[in-house]
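What follows is data-v2.cif (mmCIF, C-alpha atoms and all ligand atoms).
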data_run
#
loop_
_atom_site.label_atom_id
_atom_site.label_comp_id
_atom_site.auth_asym_id
_atom_site.auth_seq_id
_atom_site.Cartn_x
_atom_site.Cartn_y
_atom_site.Cartn_z
CA MET A 2 15.76 -7.84 25.24
CA ALA A 3 14.78 -7.20 21.65
CA LEU A 4 14.67 -4.28 19.28
CA ILE A 5 11.12 -3.75 18.09
CA VAL A 6 9.77 -1.25 15.57
CA GLN A 7 6.15 -0.24 16.21
CA LYS A 8 4.30 1.72 13.54
CA TYR A 9 1.08 3.51 14.42
CA GLY A 10 -1.30 4.65 11.66
CA GLY A 11 -3.40 7.79 11.45
CA THR A 12 -6.45 6.62 13.41
CA SER A 13 -4.17 5.33 16.17
CA VAL A 14 -2.79 8.85 16.70
CA ALA A 15 -5.95 10.77 15.80
CA ASN A 16 -6.11 12.82 19.01
CA PRO A 17 -4.17 13.44 22.24
CA GLU A 18 -5.93 10.62 24.10
CA ARG A 19 -4.99 8.08 21.43
CA ILE A 20 -1.43 9.37 21.39
CA ARG A 21 -1.33 8.84 25.18
CA ASN A 22 -2.61 5.35 24.56
CA VAL A 23 0.25 4.73 22.10
CA ALA A 24 2.70 6.02 24.70
CA ARG A 25 1.27 3.66 27.31
CA ARG A 26 1.75 0.66 25.03
CA VAL A 27 5.31 1.72 24.21
CA ALA A 28 5.95 2.12 27.94
CA ARG A 29 4.78 -1.46 28.54
CA TYR A 30 7.20 -2.82 25.95
CA LYS A 31 9.99 -0.66 27.33
CA ALA A 32 9.30 -1.98 30.81
CA MET A 33 9.81 -5.52 29.45
CA GLY A 34 13.35 -4.43 28.61
CA HIS A 35 12.93 -3.95 24.85
CA GLN A 36 14.43 -1.19 22.74
CA ILE A 37 11.65 0.56 20.84
CA VAL A 38 11.56 2.62 17.69
CA VAL A 39 8.15 4.17 17.07
CA VAL A 40 7.04 5.27 13.61
CA VAL A 41 3.93 7.43 13.41
CA SER A 42 1.64 8.63 10.64
CA ALA A 43 -0.07 11.98 10.56
CA MET A 44 -3.30 12.27 12.57
CA SER A 45 -6.12 10.72 10.53
CA GLY A 46 -7.47 13.05 7.87
CA GLU A 47 -4.49 15.39 8.14
CA THR A 48 -2.70 14.30 4.95
CA ASN A 49 -5.96 14.64 3.00
CA ARG A 50 -6.53 18.07 4.53
CA LEU A 51 -3.06 19.22 3.53
CA ILE A 52 -3.42 17.93 -0.02
CA ALA A 53 -6.78 19.71 -0.39
CA LEU A 54 -5.22 22.92 0.92
CA ALA A 55 -2.43 22.74 -1.66
CA LYS A 56 -4.98 22.13 -4.41
CA GLU A 57 -6.85 25.28 -3.41
CA ILE A 58 -3.75 27.25 -4.34
CA MET A 59 -2.62 25.16 -7.32
CA PRO A 60 -5.04 22.55 -8.73
CA GLU A 61 -2.21 20.23 -9.83
CA PRO A 62 0.33 21.08 -7.12
CA ASP A 63 4.03 21.18 -7.87
CA PRO A 64 5.26 17.85 -6.42
CA ARG A 65 8.34 19.20 -4.65
CA GLU A 66 6.33 21.85 -2.81
CA LEU A 67 3.52 19.39 -2.12
CA ASP A 68 6.00 17.11 -0.34
CA VAL A 69 7.40 19.99 1.73
CA MET A 70 3.88 20.61 2.89
CA ILE A 71 2.31 17.18 3.35
CA SER A 72 5.31 15.88 5.27
CA THR A 73 4.39 18.27 8.10
CA GLY A 74 1.50 16.07 9.27
CA GLU A 75 3.92 13.44 10.58
CA GLN A 76 6.20 16.11 12.06
CA VAL A 77 3.38 17.15 14.38
CA THR A 78 2.69 13.60 15.59
CA ILE A 79 6.34 12.71 16.31
CA GLY A 80 6.62 15.74 18.59
CA LEU A 81 3.33 14.92 20.32
CA THR A 82 4.26 11.25 20.73
CA ALA A 83 7.65 12.13 22.22
CA LEU A 84 5.92 14.53 24.62
CA ALA A 85 3.40 11.85 25.64
CA LEU A 86 6.27 9.44 26.38
CA MET A 87 8.09 12.07 28.42
CA GLU A 88 4.93 12.64 30.43
CA LEU A 89 5.16 8.95 31.39
CA GLY A 90 8.73 9.49 32.53
CA ILE A 91 10.26 7.83 29.46
CA LYS A 92 13.24 9.30 27.66
CA ALA A 93 12.15 9.98 24.10
CA LYS A 94 13.52 11.77 21.08
CA SER A 95 11.82 12.48 17.76
CA TYR A 96 13.25 12.69 14.25
CA THR A 97 11.80 13.68 10.90
CA GLY A 98 12.79 11.45 7.97
CA ALA A 99 15.38 13.98 6.81
CA GLN A 100 16.84 14.26 10.32
CA VAL A 101 17.37 10.50 10.51
CA LYS A 102 18.78 10.67 7.01
CA ILE A 103 16.35 8.42 5.29
CA LEU A 104 17.79 8.87 1.83
CA THR A 105 15.35 8.53 -1.05
CA ASN A 106 15.41 9.14 -4.78
CA ASP A 107 13.87 12.40 -6.01
CA ALA A 108 10.54 11.02 -7.24
CA PHE A 109 8.49 13.52 -5.22
CA THR A 110 5.19 12.17 -3.83
CA LYS A 111 6.24 8.56 -4.51
CA ALA A 112 9.91 8.43 -3.58
CA ARG A 113 11.77 5.19 -2.88
CA ILE A 114 14.04 4.66 0.10
CA LEU A 115 17.65 4.10 -0.97
CA ASP A 116 19.48 4.09 2.34
CA ILE A 117 18.96 4.73 6.07
CA ASP A 118 21.64 6.16 8.32
CA ASP A 119 21.06 4.26 11.57
CA HIS A 120 23.86 5.91 13.53
CA ASN A 121 21.84 8.38 15.62
CA ILE A 122 19.02 5.95 16.27
CA LYS A 123 21.37 3.24 17.53
CA GLN A 124 23.17 5.74 19.72
CA ASP A 125 19.91 6.96 21.24
CA LEU A 126 18.60 3.43 21.79
CA ASN A 127 21.81 2.52 23.57
CA ASP A 128 21.41 5.64 25.70
CA GLY A 129 17.96 4.39 26.76
CA TYR A 130 15.75 6.57 24.55
CA VAL A 131 12.62 5.57 22.73
CA VAL A 132 13.18 6.93 19.23
CA VAL A 133 10.14 8.34 17.44
CA VAL A 134 10.45 8.66 13.66
CA ALA A 135 8.12 10.42 11.24
CA GLY A 136 6.68 7.97 8.75
CA PHE A 137 6.04 8.61 5.04
CA GLN A 138 9.09 10.80 4.38
CA GLY A 139 12.76 11.17 3.65
CA ALA A 140 15.08 13.47 1.75
CA ASP A 141 16.92 13.14 -1.55
CA GLU A 142 20.68 13.54 -1.94
CA PHE A 143 20.31 17.34 -2.06
CA GLY A 144 18.24 17.48 1.12
CA ASN A 145 14.92 18.06 -0.65
CA ILE A 146 12.07 16.64 1.42
CA THR A 147 10.32 13.73 -0.27
CA THR A 148 7.29 11.57 0.59
CA LEU A 149 6.82 7.87 -0.05
CA GLY A 150 3.29 7.69 -1.46
CA ARG A 151 0.01 7.26 0.42
CA GLY A 152 0.28 4.74 3.22
CA GLY A 153 4.06 5.23 3.17
CA SER A 154 4.52 5.12 6.93
CA ASP A 155 4.24 1.33 6.74
CA THR A 156 7.28 1.37 4.49
CA THR A 157 9.20 3.64 6.86
CA GLY A 158 8.46 1.16 9.65
CA VAL A 159 9.58 -1.92 7.75
CA ALA A 160 12.61 -0.20 6.19
CA LEU A 161 13.75 0.92 9.66
CA ALA A 162 13.20 -2.57 11.01
CA ALA A 163 15.35 -3.93 8.16
CA ALA A 164 18.09 -1.34 8.65
CA LEU A 165 18.19 -1.86 12.41
CA LYS A 166 17.81 -5.66 12.11
CA ALA A 167 14.85 -5.45 14.46
CA GLU A 168 13.37 -8.59 15.95
CA GLU A 169 9.91 -7.65 14.72
CA CYS A 170 8.03 -4.86 12.97
CA GLN A 171 4.57 -4.36 14.43
CA ILE A 172 2.05 -2.43 12.35
CA TYR A 173 -0.65 -1.07 14.66
CA THR A 174 -3.84 -0.01 12.95
CA ASP A 175 -7.61 0.24 13.43
CA VAL A 176 -8.29 -3.43 12.62
CA ASP A 177 -6.87 -6.37 14.56
CA GLY A 178 -5.08 -7.97 11.62
CA VAL A 179 -5.31 -8.84 7.96
CA TYR A 180 -8.75 -10.07 6.97
CA THR A 181 -10.02 -12.16 4.06
CA THR A 182 -11.15 -8.82 2.62
CA ASP A 183 -11.73 -5.30 3.91
CA PRO A 184 -14.04 -5.83 6.90
CA ARG A 185 -15.59 -2.42 6.24
CA VAL A 186 -17.00 -3.67 2.95
CA VAL A 187 -17.75 -7.26 3.99
CA PRO A 188 -18.58 -7.42 7.71
CA GLU A 189 -18.42 -11.25 7.55
CA ALA A 190 -14.73 -11.10 6.62
CA ARG A 191 -12.49 -13.26 8.79
CA ARG A 192 -9.18 -12.39 10.40
CA LEU A 193 -6.24 -14.52 9.29
CA ASP A 194 -3.74 -15.67 11.94
CA LYS A 195 -1.10 -15.98 9.26
CA ILE A 196 -0.72 -15.09 5.63
CA THR A 197 2.21 -15.85 3.38
CA PHE A 198 4.39 -13.02 2.31
CA GLU A 199 3.60 -13.74 -1.36
CA GLU A 200 -0.13 -13.53 -0.76
CA MET A 201 0.24 -10.32 1.22
CA LEU A 202 2.29 -8.88 -1.61
CA GLU A 203 -0.47 -9.66 -4.11
CA LEU A 204 -3.22 -8.37 -1.81
CA ALA A 205 -1.32 -5.13 -1.24
CA SER A 206 -0.52 -4.69 -4.91
CA GLN A 207 -4.17 -5.27 -5.79
CA GLY A 208 -5.29 -2.55 -3.40
CA SER A 209 -5.64 -3.87 0.17
CA LYS A 210 -4.63 -0.72 1.97
CA VAL A 211 -3.88 -2.42 5.25
CA LEU A 212 -0.19 -2.47 4.22
CA GLN A 213 1.51 -0.33 1.61
CA ILE A 214 2.95 -2.60 -1.08
CA ARG A 215 6.46 -1.30 -0.71
CA SER A 216 6.48 -2.22 2.97
CA VAL A 217 5.67 -5.81 2.02
CA GLU A 218 8.41 -5.77 -0.64
CA PHE A 219 10.92 -4.59 1.96
CA ALA A 220 9.78 -7.24 4.42
CA GLY A 221 10.28 -9.92 1.77
CA LYS A 222 13.66 -8.69 0.65
CA TYR A 223 15.13 -8.33 4.12
CA LYS A 224 13.10 -11.06 5.82
CA VAL A 225 11.58 -8.69 8.35
CA LYS A 226 9.17 -10.38 10.74
CA LEU A 227 6.01 -8.39 10.13
CA ARG A 228 2.82 -8.41 12.17
CA VAL A 229 -0.42 -6.41 11.82
CA LEU A 230 -2.26 -5.65 15.07
CA SER A 231 -4.90 -3.36 16.54
CA SER A 232 -3.81 -0.31 18.52
CA PHE A 233 -7.22 -0.31 20.19
CA GLU A 234 -6.90 -3.70 21.85
CA ASP A 235 -4.41 -4.89 24.41
CA GLU A 236 -4.86 -8.57 23.62
CA GLY A 237 -4.42 -10.54 20.42
CA ASP A 238 -1.59 -11.65 18.19
CA GLY A 239 -2.91 -10.01 15.03
CA THR A 240 -1.74 -11.45 11.71
CA LEU A 241 1.78 -12.66 11.11
CA ILE A 242 3.19 -12.44 7.60
CA THR A 243 5.03 -15.74 7.11
CA PHE A 244 7.58 -17.00 4.64
CA GLU A 245 7.20 -20.26 2.70
CA ASP A 246 10.06 -21.90 4.59
CA ASP A 247 8.60 -21.35 8.05
CA LYS A 248 5.17 -22.65 7.12
CA ASP A 249 3.57 -25.69 8.69
CA SER A 250 4.11 -28.25 5.94
CA ASP A 251 1.13 -30.40 6.86
CA MET A 252 -1.22 -27.44 7.02
CA GLU A 253 -3.69 -27.48 4.17
CA GLU A 254 -3.55 -24.29 2.19
CA PRO A 255 -6.80 -22.55 1.43
CA ILE A 256 -7.32 -22.10 -2.29
CA ILE A 257 -8.26 -18.47 -1.87
CA SER A 258 -6.90 -16.49 1.09
CA GLY A 259 -8.26 -13.08 0.37
CA ILE A 260 -9.93 -10.63 -1.96
CA ALA A 261 -8.54 -7.19 -2.72
CA PHE A 262 -10.11 -4.33 -4.59
CA ASN A 263 -9.38 -0.78 -5.52
CA ARG A 264 -10.96 2.19 -7.15
CA ASP A 265 -7.68 3.96 -7.70
CA GLU A 266 -7.07 2.99 -11.30
CA ALA A 267 -8.25 4.45 -14.57
CA LYS A 268 -8.35 2.79 -17.96
CA ILE A 269 -6.90 4.28 -21.12
CA THR A 270 -7.91 2.82 -24.47
CA VAL A 271 -6.09 3.63 -27.67
CA LEU A 272 -8.32 2.56 -30.55
CA GLY A 273 -7.31 1.77 -34.10
CA VAL A 274 -3.53 1.91 -34.08
CA PRO A 275 -1.37 0.16 -36.70
CA ASP A 276 -0.74 -3.51 -35.79
CA THR A 277 3.01 -3.24 -36.30
CA PRO A 278 6.13 -4.06 -34.26
CA GLY A 279 7.01 -1.35 -31.79
CA ILE A 280 3.51 0.01 -31.24
CA ALA A 281 3.41 -0.97 -27.56
CA TYR A 282 6.73 0.74 -27.04
CA GLN A 283 5.61 3.86 -28.87
CA ILE A 284 2.59 4.13 -26.59
CA LEU A 285 4.09 3.07 -23.26
CA GLY A 286 7.65 4.41 -23.67
CA PRO A 287 6.67 8.06 -23.18
CA ILE A 288 4.34 7.06 -20.31
CA ALA A 289 7.24 5.34 -18.51
CA GLU A 290 9.55 8.30 -19.20
CA ALA A 291 7.03 10.51 -17.41
CA ASN A 292 7.37 8.18 -14.41
CA ILE A 293 3.73 7.01 -14.66
CA ASP A 294 3.23 3.44 -13.42
CA VAL A 295 1.21 1.18 -15.67
CA ASP A 296 -0.62 -1.81 -14.21
CA MET A 297 -2.69 -3.99 -16.55
CA ILE A 298 -1.99 -4.00 -20.28
CA ILE A 299 -4.04 -5.57 -23.08
CA GLN A 300 -3.40 -5.53 -26.79
CA ASN A 301 -6.04 -7.10 -28.97
CA THR A 302 -5.37 -9.32 -31.93
CA GLY A 303 -5.25 -7.11 -34.97
CA ALA A 304 -7.79 -7.09 -37.76
CA ASP A 305 -7.31 -5.28 -41.06
CA GLY A 306 -3.85 -4.15 -39.97
CA ALA A 307 -5.18 -2.21 -36.96
CA THR A 308 -5.47 -3.06 -33.29
CA ASP A 309 -6.68 -1.63 -29.97
CA PHE A 310 -4.46 -1.14 -26.95
CA THR A 311 -5.71 -0.74 -23.38
CA PHE A 312 -3.85 -0.14 -20.12
CA THR A 313 -4.50 1.13 -16.60
CA VAL A 314 -2.74 3.85 -14.60
CA HIS A 315 -3.43 5.51 -11.25
CA LYS A 316 -6.50 7.76 -11.44
CA ASN A 317 -4.42 10.76 -10.41
CA GLU A 318 -2.26 10.27 -13.46
CA MET A 319 -4.93 9.62 -16.07
CA ASN A 320 -5.04 13.19 -17.36
CA LYS A 321 -1.27 13.42 -17.51
CA ALA A 322 -1.10 10.13 -19.44
CA LEU A 323 -3.88 11.25 -21.82
CA SER A 324 -2.13 14.52 -22.62
CA ILE A 325 1.15 12.73 -23.28
CA LEU A 326 -0.61 10.40 -25.70
CA ARG A 327 -2.60 13.15 -27.40
CA ASP A 328 0.17 15.75 -27.58
CA LYS A 329 3.29 13.67 -28.15
CA VAL A 330 2.35 10.19 -29.34
CA GLN A 331 -0.74 10.65 -31.51
CA SER A 332 1.17 12.21 -34.42
CA PHE A 333 3.16 8.95 -34.78
CA ILE A 334 0.54 6.33 -34.04
CA LYS A 335 -2.47 8.08 -35.60
CA ALA A 336 -4.98 6.35 -33.33
CA ARG A 337 -8.65 6.50 -34.31
CA GLU A 338 -9.47 7.56 -30.76
CA ILE A 339 -7.84 7.83 -27.31
CA ILE A 340 -10.30 7.38 -24.44
CA GLY A 341 -9.88 7.72 -20.66
CA ASP A 342 -12.29 6.04 -18.21
CA ASP A 343 -11.92 6.56 -14.48
CA LYS A 344 -15.18 4.85 -13.50
CA ILE A 345 -13.59 1.46 -13.16
CA ALA A 346 -12.49 -0.72 -10.25
CA LYS A 347 -10.29 -3.75 -9.91
CA VAL A 348 -11.21 -6.86 -7.93
CA ALA A 349 -8.70 -9.65 -7.33
CA VAL A 350 -8.82 -13.04 -5.64
CA VAL A 351 -5.52 -14.19 -4.17
CA GLY A 352 -4.30 -17.52 -2.81
CA VAL A 353 -1.25 -19.77 -3.01
CA GLY A 354 -3.57 -22.77 -3.15
CA MET A 355 -4.51 -21.70 -6.69
CA ARG A 356 -1.26 -23.22 -7.89
CA SER A 357 -2.59 -26.70 -7.33
CA HIS A 358 -6.22 -26.12 -8.30
CA VAL A 359 -7.65 -25.59 -11.75
CA GLY A 360 -10.91 -23.89 -12.61
CA ILE A 361 -10.74 -21.03 -10.11
CA ALA A 362 -10.82 -18.42 -12.88
CA SER A 363 -13.87 -19.92 -14.56
CA GLN A 364 -15.62 -20.21 -11.19
CA MET A 365 -14.90 -16.52 -10.57
CA PHE A 366 -16.13 -15.48 -14.02
CA ARG A 367 -19.32 -17.53 -13.60
CA MET A 368 -20.14 -15.82 -10.28
CA LEU A 369 -19.68 -12.41 -11.85
CA ALA A 370 -21.74 -13.37 -14.90
CA GLU A 371 -24.59 -14.58 -12.68
CA GLU A 372 -24.74 -11.10 -11.17
CA GLY A 373 -24.67 -9.51 -14.62
CA ILE A 374 -21.28 -7.92 -13.98
CA ASN A 375 -19.31 -7.34 -17.16
CA ILE A 376 -15.56 -8.01 -17.05
CA GLN A 377 -13.57 -5.38 -18.94
CA MET A 378 -10.03 -6.65 -18.39
CA ILE A 379 -8.44 -9.75 -16.85
CA SER A 380 -4.96 -10.36 -15.56
CA THR A 381 -3.59 -13.40 -13.79
CA SER A 382 -0.52 -14.62 -11.99
CA GLU A 383 0.19 -17.99 -10.43
CA ILE A 384 -1.62 -16.96 -7.24
CA LYS A 385 -4.01 -14.20 -8.40
CA ILE A 386 -6.88 -13.50 -10.76
CA ALA A 387 -7.77 -9.84 -11.17
CA VAL A 388 -10.60 -8.30 -13.16
CA VAL A 389 -11.55 -4.75 -14.04
CA VAL A 390 -15.26 -4.00 -13.76
CA GLU A 391 -17.44 -0.91 -13.80
CA GLU A 392 -16.89 0.92 -10.51
CA LYS A 393 -20.51 0.73 -9.40
CA TYR A 394 -20.36 -3.09 -9.34
CA MET A 395 -17.19 -3.33 -7.26
CA GLU A 396 -18.68 -3.93 -3.82
CA LEU A 397 -21.24 -6.38 -5.18
CA ALA A 398 -18.46 -8.32 -6.92
CA VAL A 399 -16.39 -8.48 -3.72
CA ARG A 400 -19.33 -9.68 -1.62
CA VAL A 401 -20.40 -12.30 -4.12
CA LEU A 402 -16.89 -13.71 -4.50
CA HIS A 403 -16.25 -13.65 -0.75
CA LYS A 404 -19.33 -15.79 -0.24
CA ALA A 405 -18.76 -18.05 -3.23
CA PHE A 406 -15.23 -18.90 -2.15
CA GLU A 407 -16.45 -19.54 1.43
CA LEU A 408 -14.21 -17.02 3.12
CA GLU A 409 -16.66 -15.96 5.83
CA GLY A 410 -16.03 -16.47 9.50
CA ASP A 411 -17.96 -19.10 11.45
P1 LIG A 501 -3.51 3.16 9.09
O1 LIG A 501 -3.99 4.57 9.15
O2 LIG A 501 -3.38 2.52 10.43
O3 LIG A 501 -2.29 2.99 8.23
P2 LIG A 501 -5.14 2.20 6.92
O4 LIG A 501 -6.46 2.88 6.76
O5 LIG A 501 -4.05 2.60 6.00
O6 LIG A 501 -4.70 2.35 8.43
O7 LIG A 501 -5.31 0.61 6.80
C1 LIG A 501 -6.22 -0.06 7.63
C2 LIG A 501 -7.53 -0.27 6.87
O8 LIG A 501 -7.29 -1.15 5.79
C3 LIG A 501 -8.61 -0.95 7.65
O9 LIG A 501 -9.35 -0.03 8.42
C4 LIG A 501 -9.45 -1.62 6.56
O10 LIG A 501 -10.59 -0.85 6.24
C5 LIG A 501 -8.55 -1.61 5.35
N1 LIG A 501 -8.37 -2.93 4.75
C6 LIG A 501 -8.42 -3.20 3.41
N2 LIG A 501 -8.25 -4.49 3.18
C7 LIG A 501 -8.06 -5.10 4.36
C8 LIG A 501 -7.83 -6.44 4.76
N3 LIG A 501 -7.75 -7.43 3.87
N4 LIG A 501 -7.67 -6.68 6.07
C9 LIG A 501 -7.76 -5.71 6.99
N5 LIG A 501 -7.98 -4.41 6.67
C10 LIG A 501 -8.13 -4.10 5.39
N1 LIG A 502 -0.03 10.13 6.33
C1 LIG A 502 0.26 9.41 5.11
C2 LIG A 502 -1.03 9.07 4.38
O1 LIG A 502 -2.11 9.42 4.84
C3 LIG A 502 1.10 8.21 5.32
C4 LIG A 502 0.48 7.10 6.13
O2 LIG A 502 -0.50 7.31 6.84
O3 LIG A 502 1.01 5.99 6.07
O4 LIG A 502 -1.00 8.51 3.33
MG MG A 503 -2.01 2.89 6.17
#
Let me see the file written as structure tokens.
Ligand code: ADP
Ligand code: ASP
Ligand code: MG
Amino acid sequence: MALIVQKYGGTSVANPERIRNVARRVARYKAMGHQIVVVVSAMSGETNRLIALAKEIMPEPDPRELDVMISTGEQVTIGLTALALMELGIKAKSYTGAQVKILTNDAFTKARILDIDDHNIKQDLNDGYVVVVAGFQGADEFGNITTLGRGGSDTTGVALAAALKAEECQIYTDVDGVYTTDPRVVPEARRLDKITFEEMLELASQGSKVLQIRSVEFAGKYKVKLRVLSSFEDEGDGTLITFEDDKDSDMEEPIISGIAFNRDEAKITVLGVPDTPGIAYQILGPIAEANIDVDMIIQNTGADGATDFTFTVHKNEMNKALSILRDKVQSFIKAREIIGDDKIAKVAVVGVGMRSHVGIASQMFRMLAEEGINIQMISTSEIKIAVVVEEKYMELAVRVLHKAFELEGD
């Protein structure tokens, strides 16, 4: 008997029939003698619908109220899933994040989990219940409802698996595992049986939405056995996220394991600022204070005592970042111009094999050059090379690189 956490995404609970299907799978695992905690997302499209509704009332919705509202999507599916289990004669009980006591900080719309009270869940499991928990949400120390950022149900699943010391966390979705790139963009993409945790972390941080980055961080920190599988198929082992120490040592590592991309970032360029100590802090300090995450950063070599400074933020936060710079920072830095550009996309190739191979970056840049794609920004790590390009070239860049690095299936 094992304790297993199963997380089902939006398309897997999109309608009553699919919810019944989820219940049938849970029933099968229960019949094998396992204890099951189910985490569900909102029905597909529901979170988007709720956000749009809020924006009709207030174009930039107050984050606390937005969270009160968008957390309801998951509340509907936990109730429905518990009902579907009961209809199969299985004892089931649902909990919202706040009911479990998933404690988060108060960063509304992108809160972080601080602690999980596992008392009720353990009690219910011991009493023979399947426990159904709403993904994507928690509550801060004052009981305010918070949400964990888009895709946050993955993180609820993994965090619960860590807290409950589950045997495995299974992420059920609409694809049968992690692929070399998004199979919707490159149909030739190949499913990976295994991927290292480090590579998955890079892919997720570079935009592969199959797992929310924080879920991968949790899995790494608490060594949660994590598997991505299809909720539409009864067979198949999906993709296992492995750790370096349990890898086959004689297995040859591919140089590139996958390609990630995202259109979610925007670029802010601050032109003609003084090339003096402290300038980066003057620009990015107030951005950090406003709780805006910055991804890539470039500062050019100065000429004539002036320099240009470029960084990327989430598209949703570009306007906020621009107004901070224009209203609060400009009077100190006296930039020649501050420009926002949200027509960009990021493409990244990821692979642990890069550590032992040189020339991958130049190969990547040559492929892009041959297609006439201009690279606007570059950032690298030991196992990743990421570039920012004009948004309209993103899919072309992904397809070209996928082919050039021979990632296609047979
Ligand atoms: P869920 O609603 O189940 O959480 P998501 O839409 O969040 O599902 O994530 C699954 C989707 O992630 C897939 O349908 C696929 O389009 C996309 N995706 C992006 N990159 C990859 C990848 N490397 N492997 C598999 N799927 C990917
Ligand atoms: N329903 C939330 C979203 O659409 C959380 C999730 O699906 O993981 O982002
Ligand atoms: Mg998701």
- Task: Pick out the closest residue to ligand MG 503 (chain A) from this set: A:Ile172, A:Ala304, A:Ala349, A:Val77. Count all atoms listed in the file.
- Result: A:Ile172
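Taking CA of Gln138 (chain A) and atom O2 of ligand LIG 502 (chain A) as the two end points, the separation is 10.5 Å.
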Given 6 Å and all atoms listed in the file, residues near ligand LIG 501 (chain A) as a PDB file with C-alpha atoms, in the coordinates of the input:
ATOM      1  CA  GLY A  10      -1.300   4.650  11.660  1.00  0.00           C
ATOM      2  CA  GLY A  11      -3.400   7.790  11.450  1.00  0.00           C
ATOM      3  CA  THR A  12      -6.450   6.620  13.410  1.00  0.00           C
ATOM      4  CA  GLY A 152       0.280   4.740   3.220  1.00  0.00           C
ATOM      5  CA  THR A 174      -3.840  -0.010  12.950  1.00  0.00           C
ATOM      6  CA  ASP A 175      -7.610   0.240  13.430  1.00  0.00           C
ATOM      7  CA  VAL A 176      -8.290  -3.430  12.620  1.00  0.00           C
ATOM      8  CA  GLY A 178      -5.080  -7.970  11.620  1.00  0.00           C
ATOM      9  CA  VAL A 179      -5.310  -8.840   7.960  1.00  0.00           C
ATOM     10  CA  TYR A 180      -8.750 -10.070   6.970  1.00  0.00           C
ATOM     11  CA  THR A 181     -10.020 -12.160   4.060  1.00  0.00           C
ATOM     12  CA  THR A 182     -11.150  -8.820   2.620  1.00  0.00           C
ATOM     13  CA  ASP A 183     -11.730  -5.300   3.910  1.00  0.00           C
ATOM     14  CA  ARG A 185     -15.590  -2.420   6.240  1.00  0.00           C
ATOM     15  CA  SER A 209      -5.640  -3.870   0.170  1.00  0.00           C
ATOM     16  CA  LYS A 210      -4.630  -0.720   1.970  1.00  0.00           C
ATOM     17  CA  VAL A 211      -3.880  -2.420   5.250  1.00  0.00           C
TER      18      VAL A 211
END
At a cut-off of 9 Å around ligand LIG 502 (chain A), and using only C-alpha atoms and all ligand atoms, what residues come up? Please write them as an mmCIF file with C-alpha atoms, in the frame of the given file.
data_model
loop_
_atom_site.group_PDB
_atom_site.id
_atom_site.type_symbol
_atom_site.label_atom_id
_atom_site.label_comp_id
_atom_site.auth_asym_id
_atom_site.auth_seq_id
_atom_site.Cartn_x
_atom_site.Cartn_y
_atom_site.Cartn_z
ATOM 1 C CA TYR A 9 1.080 3.510 14.420
ATOM 2 C CA GLY A 10 -1.300 4.650 11.660
ATOM 3 C CA GLY A 11 -3.400 7.790 11.450
ATOM 4 C CA THR A 12 -6.450 6.620 13.410
ATOM 5 C CA VAL A 41 3.930 7.430 13.410
ATOM 6 C CA SER A 42 1.640 8.630 10.640
ATOM 7 C CA ALA A 43 -0.070 11.980 10.560
ATOM 8 C CA MET A 44 -3.300 12.270 12.570
ATOM 9 C CA SER A 45 -6.120 10.720 10.530
ATOM 10 C CA GLY A 46 -7.470 13.050 7.870
ATOM 11 C CA GLU A 47 -4.490 15.390 8.140
ATOM 12 C CA THR A 48 -2.700 14.300 4.950
ATOM 13 C CA ASN A 49 -5.960 14.640 3.000
ATOM 14 C CA ILE A 71 2.310 17.180 3.350
ATOM 15 C CA SER A 72 5.310 15.880 5.270
ATOM 16 C CA GLY A 74 1.500 16.070 9.270
ATOM 17 C CA GLU A 75 3.920 13.440 10.580
ATOM 18 C CA GLY A 136 6.680 7.970 8.750
ATOM 19 C CA PHE A 137 6.040 8.610 5.040
ATOM 20 C CA GLN A 138 9.090 10.800 4.380
ATOM 21 C CA THR A 148 7.290 11.570 0.590
ATOM 22 C CA LEU A 149 6.820 7.870 -0.050
ATOM 23 C CA GLY A 150 3.290 7.690 -1.460
ATOM 24 C CA ARG A 151 0.010 7.260 0.420
ATOM 25 C CA GLY A 152 0.280 4.740 3.220
ATOM 26 C CA GLY A 153 4.060 5.230 3.170
ATOM 27 C CA SER A 154 4.520 5.120 6.930
ATOM 28 C CA ASP A 155 4.240 1.330 6.740
ATOM 29 C CA THR A 156 7.280 1.370 4.490
ATOM 30 C CA THR A 157 9.200 3.640 6.860
ATOM 31 C CA LEU A 212 -0.190 -2.470 4.220
ATOM 32 C CA GLN A 213 1.510 -0.330 1.610
#
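Minimum atom-to-atom distances from A:Thr277, A:Thr82, A:Asn16, A:Ser382 to Lys94 (chain A) were compared using all atoms listed in the file, and the lowest value belongs to A:Thr82.
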- Can you work out which one of A:Glu203, A:Glu142, A:Asp296, A:Asp309 has the shortest atom-to-atom distance to Ile339 (chain A), counting all atoms listed in the file?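 So, comparing all the options, the nearest one is A:Asp309.
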- Among listed residues A:Ile256, A:Ala387, A:Val330, A:Leu369, nearest Ile288 (chain A) (using all atoms listed in the file): A:Val330
- Could you give me, as an MDAnalysis selection string, the residues that sit within 10 Å of (-1.0, -10.5, 19.9) in the file's coordinates, counting all atoms listed in the file? chainID A and resid 171 177:178 194 228:231 234:241
- Task: Skip Phe219 (chain A) itself and residues of its chain fewer than 4 positions away, then list as a list in words all residues within 8 Å of it, counting only C-alpha atoms.
- Result: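 The filter keeps Thr156, Val159, Ala160, Ala163, Arg215, Tyr223, Lys224 and Val225 of chain A.
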Can I get the selected residues back with C-alpha atoms, as a short mmCIF file (atom, residue, chain, number, x, y, z; two decimals), in the frame of the given file?
data_model
loop_
_atom_site.label_atom_id
_atom_site.label_comp_id
_atom_site.auth_asym_id
_atom_site.auth_seq_id
_atom_site.Cartn_x
_atom_site.Cartn_y
_atom_site.Cartn_z
CA THR A 156 7.28 1.37 4.49
CA VAL A 159 9.58 -1.92 7.75
CA ALA A 160 12.61 -0.20 6.19
CA ALA A 163 15.35 -3.93 8.16
CA ARG A 215 6.46 -1.30 -0.71
CA TYR A 223 15.13 -8.33 4.12
CA LYS A 224 13.10 -11.06 5.82
CA VAL A 225 11.58 -8.69 8.35
#
